[in-house]
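What follows is the content of final-v9.txt, which has compact mmCIF, C-alpha atoms:
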```
# COMPACT_ATOMS: atom_id res chain seq x y z
CA MET A 1 -4.00 -4.85 26.83
CA GLU A 2 -1.48 -2.05 26.27
CA THR A 3 -1.24 0.04 23.10
CA ASP A 4 -0.60 -2.02 20.03
CA THR A 5 2.69 -1.30 18.26
CA ASP A 6 3.07 -4.69 16.64
CA PHE A 7 0.67 -5.23 13.78
CA GLU A 8 1.62 -8.79 12.95
CA VAL A 9 -0.62 -10.61 15.40
CA ARG A 10 -3.93 -10.67 13.63
CA SER A 11 -6.05 -11.99 16.48
CA LEU A 12 -5.06 -8.90 18.51
CA ASP A 13 -6.07 -6.45 15.78
CA THR A 14 -9.33 -4.85 16.80
CA PHE A 15 -10.36 -3.93 13.29
CA TYR A 16 -10.06 -7.48 12.06
CA THR A 17 -13.43 -9.13 11.73
CA GLY A 18 -12.38 -12.20 9.75
CA GLN A 19 -11.67 -15.72 10.95
CA ALA A 20 -15.02 -16.74 9.47
CA LYS A 21 -13.95 -20.28 8.76
CA LYS A 22 -12.31 -22.36 11.43
CA GLU A 23 -8.97 -23.77 10.34
CA THR A 24 -8.31 -27.48 10.81
CA LEU A 25 -5.05 -29.35 10.98
CA PHE A 26 -5.52 -30.27 7.34
CA SER A 27 -6.20 -26.68 6.26
CA TYR A 28 -3.00 -25.59 7.99
CA LEU A 29 -1.06 -27.80 5.59
CA LYS A 30 -1.40 -25.15 2.90
CA TYR A 31 0.71 -22.80 5.03
CA LEU A 32 3.29 -25.53 5.49
CA ILE A 33 3.47 -25.92 1.72
CA MET A 34 3.76 -22.15 1.22
CA GLY A 35 6.59 -22.16 3.77
CA ILE A 36 8.37 -24.96 1.90
CA LEU A 37 8.21 -23.00 -1.35
CA PHE A 38 9.33 -19.81 0.40
CA GLY A 39 12.25 -21.67 2.01
CA ILE A 40 13.34 -23.21 -1.30
CA ILE A 41 13.37 -19.78 -2.97
CA LEU A 42 15.33 -18.21 -0.09
CA VAL A 43 18.05 -20.85 -0.34
CA LYS A 44 18.25 -21.05 -4.13
CA SER A 45 18.43 -17.28 -4.54
CA GLU A 46 21.22 -17.24 -1.91
CA VAL A 47 19.27 -14.71 0.16
CA ILE A 48 20.28 -16.86 3.14
CA SER A 49 23.96 -16.32 2.37
CA TRP A 50 26.02 -14.21 4.76
CA TYR A 51 28.15 -13.19 1.76
CA ARG A 52 25.18 -11.77 -0.18
CA ILE A 53 24.16 -9.64 2.82
CA GLN A 54 27.72 -8.34 3.23
CA GLU A 55 27.82 -7.45 -0.50
CA MET A 56 24.49 -5.67 -0.18
CA PHE A 57 25.66 -3.47 2.69
CA ARG A 58 28.98 -2.80 0.93
CA LEU A 59 27.23 -1.94 -2.36
CA GLN A 60 29.25 -4.65 -4.11
CA SER A 61 26.36 -6.49 -5.70
CA PHE A 62 22.95 -5.69 -7.12
CA HIS A 63 21.58 -9.14 -6.32
CA MET A 64 19.83 -8.43 -2.99
CA TYR A 65 18.47 -5.11 -4.23
CA GLY A 66 17.09 -6.92 -7.26
CA VAL A 67 15.48 -9.64 -5.14
CA ILE A 68 13.89 -7.26 -2.61
CA GLY A 69 12.97 -4.64 -5.22
CA SER A 70 11.26 -7.07 -7.59
CA ALA A 71 9.55 -8.84 -4.66
CA VAL A 72 8.11 -5.52 -3.46
CA LEU A 73 7.03 -4.54 -6.98
CA THR A 74 5.29 -7.91 -7.49
CA GLY A 75 3.66 -7.62 -4.07
CA MET A 76 2.47 -4.06 -4.75
CA ILE A 77 0.90 -4.99 -8.07
CA SER A 78 -0.76 -8.04 -6.48
CA VAL A 79 -2.21 -6.07 -3.58
CA TRP A 80 -3.41 -3.37 -5.98
CA LEU A 81 -5.15 -6.01 -8.13
CA ILE A 82 -6.72 -7.63 -5.05
CA LYS A 83 -8.15 -4.26 -3.95
CA LYS A 84 -9.16 -3.17 -7.44
CA PHE A 85 -11.07 -6.34 -8.29
CA ASN A 86 -12.14 -7.00 -4.71
CA ILE A 87 -10.67 -10.50 -4.86
CA LYS A 88 -11.86 -12.80 -2.06
CA THR A 89 -10.06 -15.62 -0.26
CA ILE A 90 -10.67 -19.20 -1.41
CA ASP A 91 -13.30 -19.38 1.35
CA GLY A 92 -15.07 -16.30 0.04
CA GLU A 93 -13.91 -14.02 2.86
CA LYS A 94 -13.12 -10.36 2.15
CA ILE A 95 -9.35 -9.79 2.12
CA GLU A 96 -8.37 -7.38 4.90
CA LEU A 97 -5.03 -5.62 5.02
CA PRO A 98 -3.95 -4.28 8.37
CA PRO A 99 -2.98 -0.59 8.41
CA LYS A 100 0.15 0.14 10.45
CA LYS A 101 0.58 3.15 12.71
CA PHE A 102 3.86 4.96 13.10
CA ASN A 103 5.74 4.67 16.38
CA LYS A 104 9.38 5.32 17.27
CA GLY A 105 9.97 1.59 17.61
CA GLN A 106 10.09 1.37 13.84
CA ILE A 107 13.17 3.64 13.94
CA TYR A 108 14.99 2.30 17.04
CA GLY A 109 13.98 -1.31 16.48
CA GLY A 110 14.68 -0.96 12.77
CA LEU A 111 18.25 0.22 13.42
CA ILE A 112 18.84 -2.55 15.98
CA PHE A 113 17.54 -5.19 13.58
CA GLY A 114 19.75 -3.68 10.86
CA PHE A 115 22.80 -4.22 13.09
CA GLY A 116 21.77 -7.82 13.71
CA TRP A 117 21.05 -8.42 10.03
CA ALA A 118 24.57 -7.34 9.03
CA ILE A 119 26.19 -9.40 11.81
CA THR A 120 24.35 -12.68 11.32
CA GLY A 121 23.80 -12.16 7.59
CA ALA A 122 20.25 -13.33 8.13
CA CYS A 123 16.81 -11.97 8.84
CA PRO A 124 14.33 -14.30 10.58
CA GLY A 125 13.18 -16.17 7.45
CA PRO A 126 16.71 -17.11 6.40
CA LEU A 127 17.56 -18.21 9.97
CA PHE A 128 14.95 -20.97 9.66
CA ALA A 129 16.09 -21.83 6.12
CA GLN A 130 19.77 -22.00 7.16
CA ILE A 131 18.91 -24.51 9.90
CA GLY A 132 16.98 -26.64 7.41
CA ALA A 133 19.84 -26.41 4.92
CA GLY A 134 22.11 -28.06 7.46
CA PHE A 135 23.86 -25.18 9.28
CA SER A 136 23.10 -26.71 12.67
CA VAL A 137 24.88 -24.06 14.74
CA ILE A 138 22.32 -21.48 13.59
CA ILE A 139 19.91 -23.16 16.03
CA VAL A 140 21.84 -21.20 18.65
CA THR A 141 21.32 -17.96 16.70
CA LEU A 142 17.59 -18.71 16.41
CA LEU A 143 17.30 -19.45 20.16
CA SER A 144 19.12 -16.20 20.80
CA ALA A 145 16.66 -14.36 18.53
CA ILE A 146 13.79 -15.90 20.51
CA ALA A 147 15.52 -14.70 23.69
CA GLY A 148 15.82 -11.22 22.15
CA THR A 149 12.11 -11.19 21.35
CA TRP A 150 11.32 -12.34 24.90
CA PHE A 151 13.57 -9.65 26.37
CA TYR A 152 11.78 -7.04 24.26
CA GLY A 153 8.46 -8.25 25.69
CA LEU A 154 9.91 -7.98 29.19
CA VAL A 155 11.21 -4.40 28.91
CA ARG A 156 8.83 -3.03 26.28
CA GLU A 157 6.97 -0.68 28.64
CA LYS A 158 10.22 1.06 29.54
CA LEU A 159 11.20 1.62 25.90
CA PRO A 160 10.29 4.70 23.84
CA HIS A 161 7.57 3.95 21.29
CA MET B 1 16.05 -29.54 -15.34
CA ILE B 2 17.83 -30.68 -12.17
CA GLU B 3 21.03 -29.11 -13.49
CA PHE B 4 19.20 -25.83 -13.96
CA LEU B 5 17.68 -26.01 -10.47
CA LYS B 6 21.08 -26.63 -8.92
CA GLN B 7 22.48 -23.29 -10.05
CA PRO B 8 21.83 -20.22 -7.92
CA TRP B 9 18.60 -18.57 -9.10
CA PRO B 10 18.90 -15.01 -10.48
CA TRP B 11 17.14 -12.12 -8.70
CA TYR B 12 14.58 -11.64 -11.47
CA ILE B 13 13.24 -15.15 -10.87
CA ALA B 14 13.54 -15.28 -7.08
CA GLY B 15 12.26 -11.75 -6.34
CA PRO B 16 8.91 -12.04 -8.15
CA LEU B 17 8.38 -15.52 -6.64
CA ILE B 18 8.95 -14.10 -3.15
CA GLY B 19 6.56 -11.25 -4.00
CA LEU B 20 3.87 -13.74 -5.06
CA THR B 21 3.90 -15.16 -1.52
CA VAL B 22 2.01 -11.99 -0.50
CA PRO B 23 -1.15 -12.56 -2.62
CA ALA B 24 -0.90 -16.34 -2.15
CA LEU B 25 -1.17 -16.08 1.65
CA LEU B 26 -3.91 -13.46 1.41
CA ILE B 27 -5.98 -15.56 -0.96
CA LEU B 28 -5.35 -18.86 0.85
CA GLY B 29 -6.54 -17.58 4.20
CA ASN B 30 -6.37 -13.80 4.72
CA LYS B 31 -2.85 -14.11 6.15
CA THR B 32 -0.24 -11.37 5.95
CA LEU B 33 3.33 -12.41 5.23
CA GLY B 34 5.64 -11.96 8.23
CA VAL B 35 8.25 -14.29 9.66
CA SER B 36 9.53 -12.54 12.78
CA SER B 37 6.11 -12.73 14.48
CA SER B 38 6.71 -16.49 14.74
CA LEU B 39 9.36 -15.70 17.37
CA ARG B 40 6.72 -13.90 19.44
CA HIS B 41 4.34 -16.85 19.10
CA ILE B 42 7.08 -19.23 20.24
CA CYS B 43 7.57 -17.05 23.35
CA ALA B 44 3.81 -16.93 23.93
CA ALA B 45 3.59 -20.71 23.61
CA CYS B 46 6.68 -21.73 25.57
CA ILE B 47 7.81 -18.97 27.95
CA PRO B 48 4.98 -16.42 28.41
CA SER B 49 6.11 -15.80 32.03
CA LYS B 50 2.96 -13.71 32.68
CA ILE B 51 4.39 -10.92 30.49
CA PRO B 52 1.42 -8.99 28.97
CA PHE B 53 3.12 -8.93 25.54
CA PHE B 54 3.00 -12.73 25.41
CA SER B 55 -0.41 -13.19 27.01
CA TYR B 56 -2.58 -13.91 24.01
CA ASP B 57 -4.04 -16.96 22.36
CA TRP B 58 -1.07 -18.03 20.21
CA LYS B 59 -3.09 -20.96 18.86
CA LYS B 60 -5.03 -18.48 16.74
CA GLU B 61 -1.74 -17.60 15.03
CA VAL B 62 -0.49 -21.14 14.63
CA TRP B 63 -0.58 -20.89 10.81
CA ASN B 64 2.57 -18.79 11.15
CA LEU B 65 4.38 -21.64 12.90
CA PHE B 66 3.34 -24.04 10.12
CA PHE B 67 4.78 -21.50 7.67
CA VAL B 68 8.19 -21.32 9.39
CA ALA B 69 8.26 -25.11 9.81
CA GLY B 70 7.82 -25.17 6.04
CA ILE B 71 10.78 -22.80 5.60
CA ILE B 72 12.98 -25.24 7.55
CA LEU B 73 11.73 -28.12 5.39
CA GLY B 74 12.33 -26.07 2.23
CA GLY B 75 15.94 -25.52 3.27
CA PHE B 76 16.29 -29.23 3.94
CA ILE B 77 14.84 -30.14 0.53
CA VAL B 78 17.30 -27.90 -1.31
CA ALA B 79 20.25 -29.21 0.70
CA SER B 80 19.19 -32.81 0.02
CA PHE B 81 18.24 -32.70 -3.64
CA PHE B 82 19.43 -29.66 -5.52
CA SER B 83 22.08 -27.70 -3.73
CA ASP B 84 24.80 -25.96 -5.70
CA PRO B 85 27.98 -28.07 -5.56
CA ASP B 86 30.27 -25.15 -6.46
CA PRO B 87 31.79 -22.62 -4.03
CA VAL B 88 29.84 -19.38 -3.58
CA VAL B 89 30.79 -16.72 -6.11
CA ILE B 90 31.64 -13.59 -4.16
CA HIS B 91 32.78 -10.10 -5.12
CA PRO B 92 36.61 -9.90 -5.37
CA ALA B 93 36.70 -6.88 -3.02
CA LEU B 94 34.78 -8.80 -0.36
CA ALA B 95 37.01 -11.85 -0.84
CA ALA B 96 40.11 -9.66 -0.43
CA GLU B 97 38.72 -8.03 2.70
CA LEU B 98 37.73 -11.36 4.26
CA GLN B 99 41.14 -12.79 3.48
CA GLN B 100 42.71 -10.21 5.82
CA TYR B 101 40.65 -11.74 8.62
CA GLY B 102 41.59 -15.29 7.67
CA ILE B 103 38.25 -16.16 6.10
CA THR B 104 39.18 -17.98 2.93
CA ASN B 105 36.82 -20.96 2.68
CA HIS B 106 33.79 -19.96 0.58
CA GLN B 107 32.53 -23.48 -0.05
CA SER B 108 29.05 -22.96 1.43
CA LEU B 109 26.55 -20.13 1.80
CA LEU B 110 27.86 -19.24 5.27
CA PRO B 111 31.60 -18.89 5.96
CA GLU B 112 32.23 -22.01 7.98
CA GLN B 113 35.31 -20.45 9.56
CA LEU B 114 32.98 -17.96 11.25
CA PHE B 115 29.83 -19.99 11.88
CA ASN B 116 30.59 -23.30 13.55
CA TRP B 117 30.12 -24.96 16.94
CA HIS B 118 33.76 -24.46 18.04
CA GLN B 119 33.66 -20.73 17.30
CA LEU B 120 30.69 -20.34 19.67
CA LEU B 121 33.02 -20.27 22.64
CA THR B 122 35.20 -17.48 21.24
CA VAL B 123 34.44 -13.76 21.57
CA LYS B 124 34.09 -13.46 17.80
CA GLY B 125 31.83 -16.49 17.48
CA PHE B 126 29.68 -15.34 20.38
CA PHE B 127 29.32 -11.93 18.75
CA PHE B 128 28.30 -13.31 15.36
CA MET B 129 26.02 -16.14 16.41
CA VAL B 130 24.62 -15.22 19.83
CA PHE B 131 24.74 -11.42 20.08
CA GLY B 132 23.74 -10.98 16.42
CA GLY B 133 20.76 -13.30 16.85
CA PHE B 134 19.66 -11.45 19.96
CA LEU B 135 19.65 -8.13 18.06
CA VAL B 136 17.61 -9.71 15.25
CA GLY B 137 14.96 -10.95 17.68
CA PHE B 138 14.89 -7.79 19.79
CA GLY B 139 15.02 -5.35 16.88
CA THR B 140 12.40 -7.01 14.69
CA ARG B 141 9.84 -7.10 17.47
CA TYR B 142 10.62 -3.54 18.58
CA ALA B 143 10.12 -2.49 14.95
CA GLY B 144 7.01 -4.66 14.60
CA GLY B 145 8.33 -6.71 11.70
CA CYS B 146 11.32 -7.77 9.63
CA THR B 147 12.28 -7.87 5.99
CA SER B 148 9.21 -9.93 5.12
CA GLY B 149 6.62 -8.19 7.30
CA HIS B 150 7.77 -4.61 6.75
CA ALA B 151 9.92 -4.49 3.60
CA ILE B 152 7.84 -6.88 1.48
CA MET B 153 4.33 -7.07 2.98
CA GLY B 154 4.21 -3.53 4.39
CA LEU B 155 5.64 -1.83 1.30
CA SER B 156 3.33 -3.91 -0.94
CA ASN B 157 0.45 -2.36 1.01
CA LEU B 158 2.03 1.14 0.75
CA GLN B 159 2.43 1.55 4.50
CA LEU B 160 4.59 4.55 5.44
CA PRO B 161 5.67 3.03 8.81
CA SER B 162 7.04 0.05 6.87
CA LEU B 163 9.03 2.35 4.61
CA ILE B 164 10.51 4.10 7.66
CA ALA B 165 11.35 0.71 9.22
CA THR B 166 12.93 -0.58 5.99
CA ILE B 167 15.10 2.53 5.64
CA CYS B 168 16.23 2.05 9.25
CA PHE B 169 17.05 -1.64 8.60
CA MET B 170 19.31 -0.51 5.76
CA ILE B 171 20.96 2.31 7.74
CA GLY B 172 21.65 -0.08 10.64
CA GLY B 173 23.10 -2.65 8.24
CA PHE B 174 25.34 -0.11 6.50
CA ILE B 175 26.71 1.18 9.81
CA MET B 176 27.35 -2.31 11.17
CA ALA B 177 28.88 -3.83 8.01
CA ASN B 178 31.16 -0.90 7.15
CA LEU B 179 32.04 0.76 10.44
CA ILE B 180 31.85 -1.88 13.16
CA LEU B 181 32.29 -5.36 11.67
CA PRO B 182 35.85 -4.69 10.39
CA PHE B 183 36.99 -4.30 14.01
CA ILE B 184 35.14 -7.40 15.20
CA LEU B 185 36.37 -9.55 12.31
CA ARG B 186 39.93 -8.61 13.20
CA LEU B 187 39.59 -10.17 16.68
```
Written form, structure tokens:
Amino acid sequence: METDTDFEVRSLDTFYTGQAKKETLFSYLKYLIMGILFGIILVKSEVISWYRIQEMFRLQSFHMYGVIGSAVLTGMISVWLIKKFNIKTIDGEKIELPPKKFNKGQIYGGLIFGFGWAITGACPGPLFAQIGAGFSVIIVTLLSAIAGTWFYGLVREKLPH
Amino acid sequence: MIEFLKQPWPWYIAGPLIGLTVPALLILGNKTLGVSSSLRHICAACIPSKIPFFSYDWKKEVWNLFFVAGIILGGFIVASFFSDPDPVVIHPALAAELQQYGITNHQSLLPEQLFNWHQLLTVKGFFFMVFGGFLVGFGTRYAGGCTSGHAIMGLSNLQLPSLIATICFMIGGFIMANLILPFILRL
């Protein structure tokens, strides 16, 4: 396997020793439920709205900054508490947080995603939520995003990282 | 209660709830929040094409696909039971700018004059729906994450690479929205 630059695929992380308990179809339901809640929040807070993203990038509204900022703050405090009190998972496993290494992809890829975010008015989470909320044509945008991911996989060795 | 739920939720309610997804996924099963990786798993499952980047056991990551299936369902639930019946409230300056390009219908969360099946076959529609989506998929994987994986999960864990990525997301968005989109919207 080539050098890892994508730290979101847990089973490929060498440091990760977890996966103590085997998941079953039933235990996967909890992630479905978390997704449902996440999707509801994305729609109700209008994070999935093209208009809110345009306002964010034109500095016309505080809304998106408030959402992302308070989400990060809540996440930071939570992660700090988990580390501080050594909180375990519901199955008693130690919680492991993957460290990320810097590579140039975070700059080039970050800029390219930024372009796409402003055009579509959606990051990947909202794309799924928009489809669920009835914007059927966004299926095309999602398929195109999958194609973009596939194309990255195809040419990744030729790209600077 | 239903009336309250129907209104758009303010940032100080939605933001902390989104942030709580981070500890919830960690505690439920040692999972790190990240949506864009689902696109990689879909490639690995459906079109791996012997590409090394997609040659891994995607079944071990299937929780992520349950999570995004949930996001779709969540969107469906809101649309079915407590969507906001009023037009989207948008900043007057944005409304004035969009009016120049003939975008005047702000009834739903996406401007339907821009995002619809007929527009797909126009240059403008192709740019917004197809090209834009391609950049989202390509860019997030090149960067190793999106708003959820880098901006929320990565920053929560104080990862410098995630801060760099998030700053680049914002720079890219500012350039596109202010310098390039005005020309495309005029098409």
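With only C-alpha atoms as the basis for measurement, B:Trp63 is the residue among B:Phe4, B:Trp9, B:Arg186, B:Trp63 that approaches A:Leu25 most closely.
Comparing the minimum interatomic distances between B:Trp11 and each of A:Ala71, A:Val9, A:Leu59, A:Leu37, counting only C-alpha atoms, we find that A:Ala71 sits nearest.
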- Task: Write out as JSON, numbers by chain the residues lying within 10 Å of A:Gln130, counting all atoms listed in the file and excluding same-chain residues fewer than 2 positions away.
- Result: {"A": [39, 42, 43, 48, 49, 122, 125, 126, 127, 128, 132, 133, 134, 135, 136, 137, 138, 139], "B": [71, 72, 74, 75, 76, 79, 109, 110]}
- Task: Between B:Tyr142, B:Ser55, B:Leu158, B:His106, single out the one closest to B:Leu94, counting all atoms listed in the file.
- Result: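 Closest candidate: B:His106.
Separating atom CA of B:Asp86 from atom CA of B:Gly125 is a distance of 25.5 Å.
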Residue neighbourhood A:Tyr31, 6 Å, only C-alpha atoms, exclusion window fewer than 3 positions, as a compact mmCIF listing (two decimals) with C-alpha atoms, in the coordinates of the input:
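Resulting contents of result39.txt:
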```
# COMPACT_ATOMS: atom_id res chain seq x y z
CA TYR A 28 -3.00 -25.59 7.99
CA MET A 34 3.76 -22.15 1.22
CA PHE B 66 3.34 -24.04 10.12
CA PHE B 67 4.78 -21.50 7.67
```
- So which one's closest to chain A, B:Gly145, B:Pro182, B:Gly15, B:Pro92? Using all atoms listed in the file, please.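 The answer is B:Gly15, which sits nearest to chain A.
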- In Å, with one decimal, what is the gap from atom CA of B:Ala151 to atom CA of A:Tyr108? 15.9 Å
- Message: I'd like the interatomic distance between atom CA of A:Thr3 and atom CA of B:Leu65, to a tenth of an Å.
- Response: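 Spanning atom CA of A:Thr3 to atom CA of B:Leu65 is a straight-line distance of 24.6 Å.
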- Message: At a cut-off of 12 Å, using all atoms listed in the file, what residues contact A:Phe57? Leave out same-chain residues fewer than 5 positions from it and give the result as a PyMOL selection string.
- Response: (chain A and resi 50-52+62-65+114-115+117-119+121) or (chain B and resi 94+169-179+181)
- Task: Give the answer as one residue: which of B:Leu26, B:Thr104, B:Lys124, B:Met1 has the shortest atom-to-atom distance to chain A, using all atoms listed in the file?
- Result: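 Ranked by minimum distance to chain A, first place goes to B:Leu26.
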- Message: List as number ranges by chain the protein and nucleic acid residues near A:Thr74, meaning an atom at most 9 Å away when all atoms listed in the file are counted, but skip any in the same chain fewer than 2 places from it.
- Response: A: 69-72, 76-79; B: 15-20, 22, 156
- Note on the structure: With distances taken over all atoms listed in the file, the candidate from B:Gln119, B:Glu97, B:Ser49, B:Asn30 nearest chain A is B:Asn30
Would you list the contacts of A:Phe7 as a compact mmCIF listing (two decimals) with C-alpha atoms, keeping the file's coordinate frame, taking every protein, DNA or RNA residue within 9 Å and counting all atoms listed in the file, but skipping same-chain residues closer than 4 positions in sequence?
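Full text of out.txt as output:
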```txt
# COMPACT_ATOMS: atom_id res chain seq x y z
CA LEU A 12 -5.06 -8.90 18.51
CA ASP A 13 -6.07 -6.45 15.78
CA PRO A 98 -3.95 -4.28 8.37
CA PRO A 99 -2.98 -0.59 8.41
CA LYS A 100 0.15 0.14 10.45
CA LYS A 101 0.58 3.15 12.71
CA GLY B 144 7.01 -4.66 14.60
CA GLY B 145 8.33 -6.71 11.70
```
From the coordinates supplied, stretch 6-32 of chain B should be written with N, CA and C atoms, as a PDB file, in the first residue's frame.
```
ATOM      1  N   LYS B   6     -40.637  23.841  13.073  1.00  0.00           N
ATOM      2  CA  LYS B   6     -40.739  24.216  11.668  1.00  0.00           C
ATOM      3  C   LYS B   6     -39.869  25.412  11.302  1.00  0.00           C
ATOM      4  N   GLN B   7     -39.635  26.292  12.274  1.00  0.00           N
ATOM      5  CA  GLN B   7     -38.792  27.457  11.982  1.00  0.00           C
ATOM      6  C   GLN B   7     -37.354  27.003  11.752  1.00  0.00           C
ATOM      7  N   PRO B   8     -36.574  27.837  11.014  1.00  0.00           N
ATOM      8  CA  PRO B   8     -35.149  27.512  10.911  1.00  0.00           C
ATOM      9  C   PRO B   8     -34.508  27.576  12.299  1.00  0.00           C
ATOM     10  N   TRP B   9     -33.612  26.631  12.608  1.00  0.00           N
ATOM     11  CA  TRP B   9     -32.978  26.633  13.922  1.00  0.00           C
ATOM     12  C   TRP B   9     -31.796  27.592  13.941  1.00  0.00           C
ATOM     13  N   PRO B  10     -31.646  28.368  15.031  1.00  0.00           N
ATOM     14  CA  PRO B  10     -30.526  29.319  15.117  1.00  0.00           C
ATOM     15  C   PRO B  10     -29.192  28.595  15.267  1.00  0.00           C
ATOM     16  N   TRP B  11     -28.105  29.289  14.958  1.00  0.00           N
ATOM     17  CA  TRP B  11     -26.766  28.666  14.980  1.00  0.00           C
ATOM     18  C   TRP B  11     -26.405  28.145  16.355  1.00  0.00           C
ATOM     19  N   TYR B  12     -26.848  28.856  17.417  1.00  0.00           N
ATOM     20  CA  TYR B  12     -26.413  28.444  18.758  1.00  0.00           C
ATOM     21  C   TYR B  12     -27.136  27.197  19.257  1.00  0.00           C
ATOM     22  N   ILE B  13     -28.125  26.729  18.513  1.00  0.00           N
ATOM     23  CA  ILE B  13     -28.718  25.425  18.816  1.00  0.00           C
ATOM     24  C   ILE B  13     -28.105  24.371  17.891  1.00  0.00           C
ATOM     25  N   ALA B  14     -28.064  24.697  16.589  1.00  0.00           N
ATOM     26  CA  ALA B  14     -27.574  23.713  15.613  1.00  0.00           C
ATOM     27  C   ALA B  14     -26.093  23.407  15.778  1.00  0.00           C
ATOM     28  N   GLY B  15     -25.268  24.432  15.987  1.00  0.00           N
ATOM     29  CA  GLY B  15     -23.814  24.236  16.072  1.00  0.00           C
ATOM     30  C   GLY B  15     -23.419  23.267  17.178  1.00  0.00           C
ATOM     31  N   PRO B  16     -23.835  23.541  18.431  1.00  0.00           N
ATOM     32  CA  PRO B  16     -23.486  22.596  19.498  1.00  0.00           C
ATOM     33  C   PRO B  16     -24.017  21.184  19.245  1.00  0.00           C
ATOM     34  N   LEU B  17     -25.211  21.063  18.645  1.00  0.00           N
ATOM     35  CA  LEU B  17     -25.738  19.718  18.351  1.00  0.00           C
ATOM     36  C   LEU B  17     -24.843  19.004  17.341  1.00  0.00           C
ATOM     37  N   ILE B  18     -24.389  19.738  16.320  1.00  0.00           N
ATOM     38  CA  ILE B  18     -23.472  19.139  15.340  1.00  0.00           C
ATOM     39  C   ILE B  18     -22.178  18.728  16.045  1.00  0.00           C
ATOM     40  N   GLY B  19     -21.685  19.611  16.933  1.00  0.00           N
ATOM     41  CA  GLY B  19     -20.457  19.307  17.674  1.00  0.00           C
ATOM     42  C   GLY B  19     -20.584  18.057  18.525  1.00  0.00           C
ATOM     43  N   LEU B  20     -21.780  17.819  19.077  1.00  0.00           N
ATOM     44  CA  LEU B  20     -21.995  16.645  19.937  1.00  0.00           C
ATOM     45  C   LEU B  20     -21.951  15.330  19.149  1.00  0.00           C
ATOM     46  N   THR B  21     -22.074  15.424  17.814  1.00  0.00           N
ATOM     47  CA  THR B  21     -21.942  14.216  16.998  1.00  0.00           C
ATOM     48  C   THR B  21     -20.555  13.599  17.180  1.00  0.00           C
ATOM     49  N   VAL B  22     -19.548  14.463  17.411  1.00  0.00           N
ATOM     50  CA  VAL B  22     -18.168  13.987  17.566  1.00  0.00           C
ATOM     51  C   VAL B  22     -18.042  13.022  18.758  1.00  0.00           C
ATOM     52  N   PRO B  23     -18.377  13.447  19.999  1.00  0.00           N
ATOM     53  CA  PRO B  23     -18.262  12.489  21.106  1.00  0.00           C
ATOM     54  C   PRO B  23     -19.259  11.337  20.979  1.00  0.00           C
ATOM     55  N   ALA B  24     -20.432  11.591  20.402  1.00  0.00           N
ATOM     56  CA  ALA B  24     -21.431  10.519  20.298  1.00  0.00           C
ATOM     57  C   ALA B  24     -20.882   9.365  19.461  1.00  0.00           C
ATOM     58  N   LEU B  25     -20.271   9.667  18.305  1.00  0.00           N
ATOM     59  CA  LEU B  25     -19.741   8.601  17.451  1.00  0.00           C
ATOM     60  C   LEU B  25     -18.530   7.920  18.096  1.00  0.00           C
ATOM     61  N   LEU B  26     -17.727   8.703  18.820  1.00  0.00           N
ATOM     62  CA  LEU B  26     -16.574   8.104  19.493  1.00  0.00           C
ATOM     63  C   LEU B  26     -17.031   7.138  20.571  1.00  0.00           C
ATOM     64  N   ILE B  27     -18.030   7.555  21.343  1.00  0.00           N
ATOM     65  CA  ILE B  27     -18.475   6.725  22.461  1.00  0.00           C
ATOM     66  C   ILE B  27     -19.297   5.520  21.972  1.00  0.00           C
ATOM     67  N   LEU B  28     -20.059   5.727  20.902  1.00  0.00           N
ATOM     68  CA  LEU B  28     -20.884   4.616  20.397  1.00  0.00           C
ATOM     69  C   LEU B  28     -20.046   3.513  19.768  1.00  0.00           C
ATOM     70  N   GLY B  29     -18.880   3.863  19.204  1.00  0.00           N
ATOM     71  CA  GLY B  29     -18.144   2.784  18.542  1.00  0.00           C
ATOM     72  C   GLY B  29     -16.769   3.173  18.044  1.00  0.00           C
ATOM     73  N   ASN B  30     -16.140   4.172  18.708  1.00  0.00           N
ATOM     74  CA  ASN B  30     -14.782   4.570  18.317  1.00  0.00           C
ATOM     75  C   ASN B  30     -14.735   5.046  16.868  1.00  0.00           C
ATOM     76  N   LYS B  31     -15.780   5.741  16.420  1.00  0.00           N
ATOM     77  CA  LYS B  31     -15.812   6.212  15.037  1.00  0.00           C
ATOM     78  C   LYS B  31     -15.532   7.704  15.000  1.00  0.00           C
ATOM     79  N   THR B  32     -14.748   8.126  13.987  1.00  0.00           N
ATOM     80  CA  THR B  32     -14.492   9.554  13.846  1.00  0.00           C
ATOM     81  C   THR B  32     -15.404  10.124  12.764  1.00  0.00           C
TER      82      THR B  32
END
```
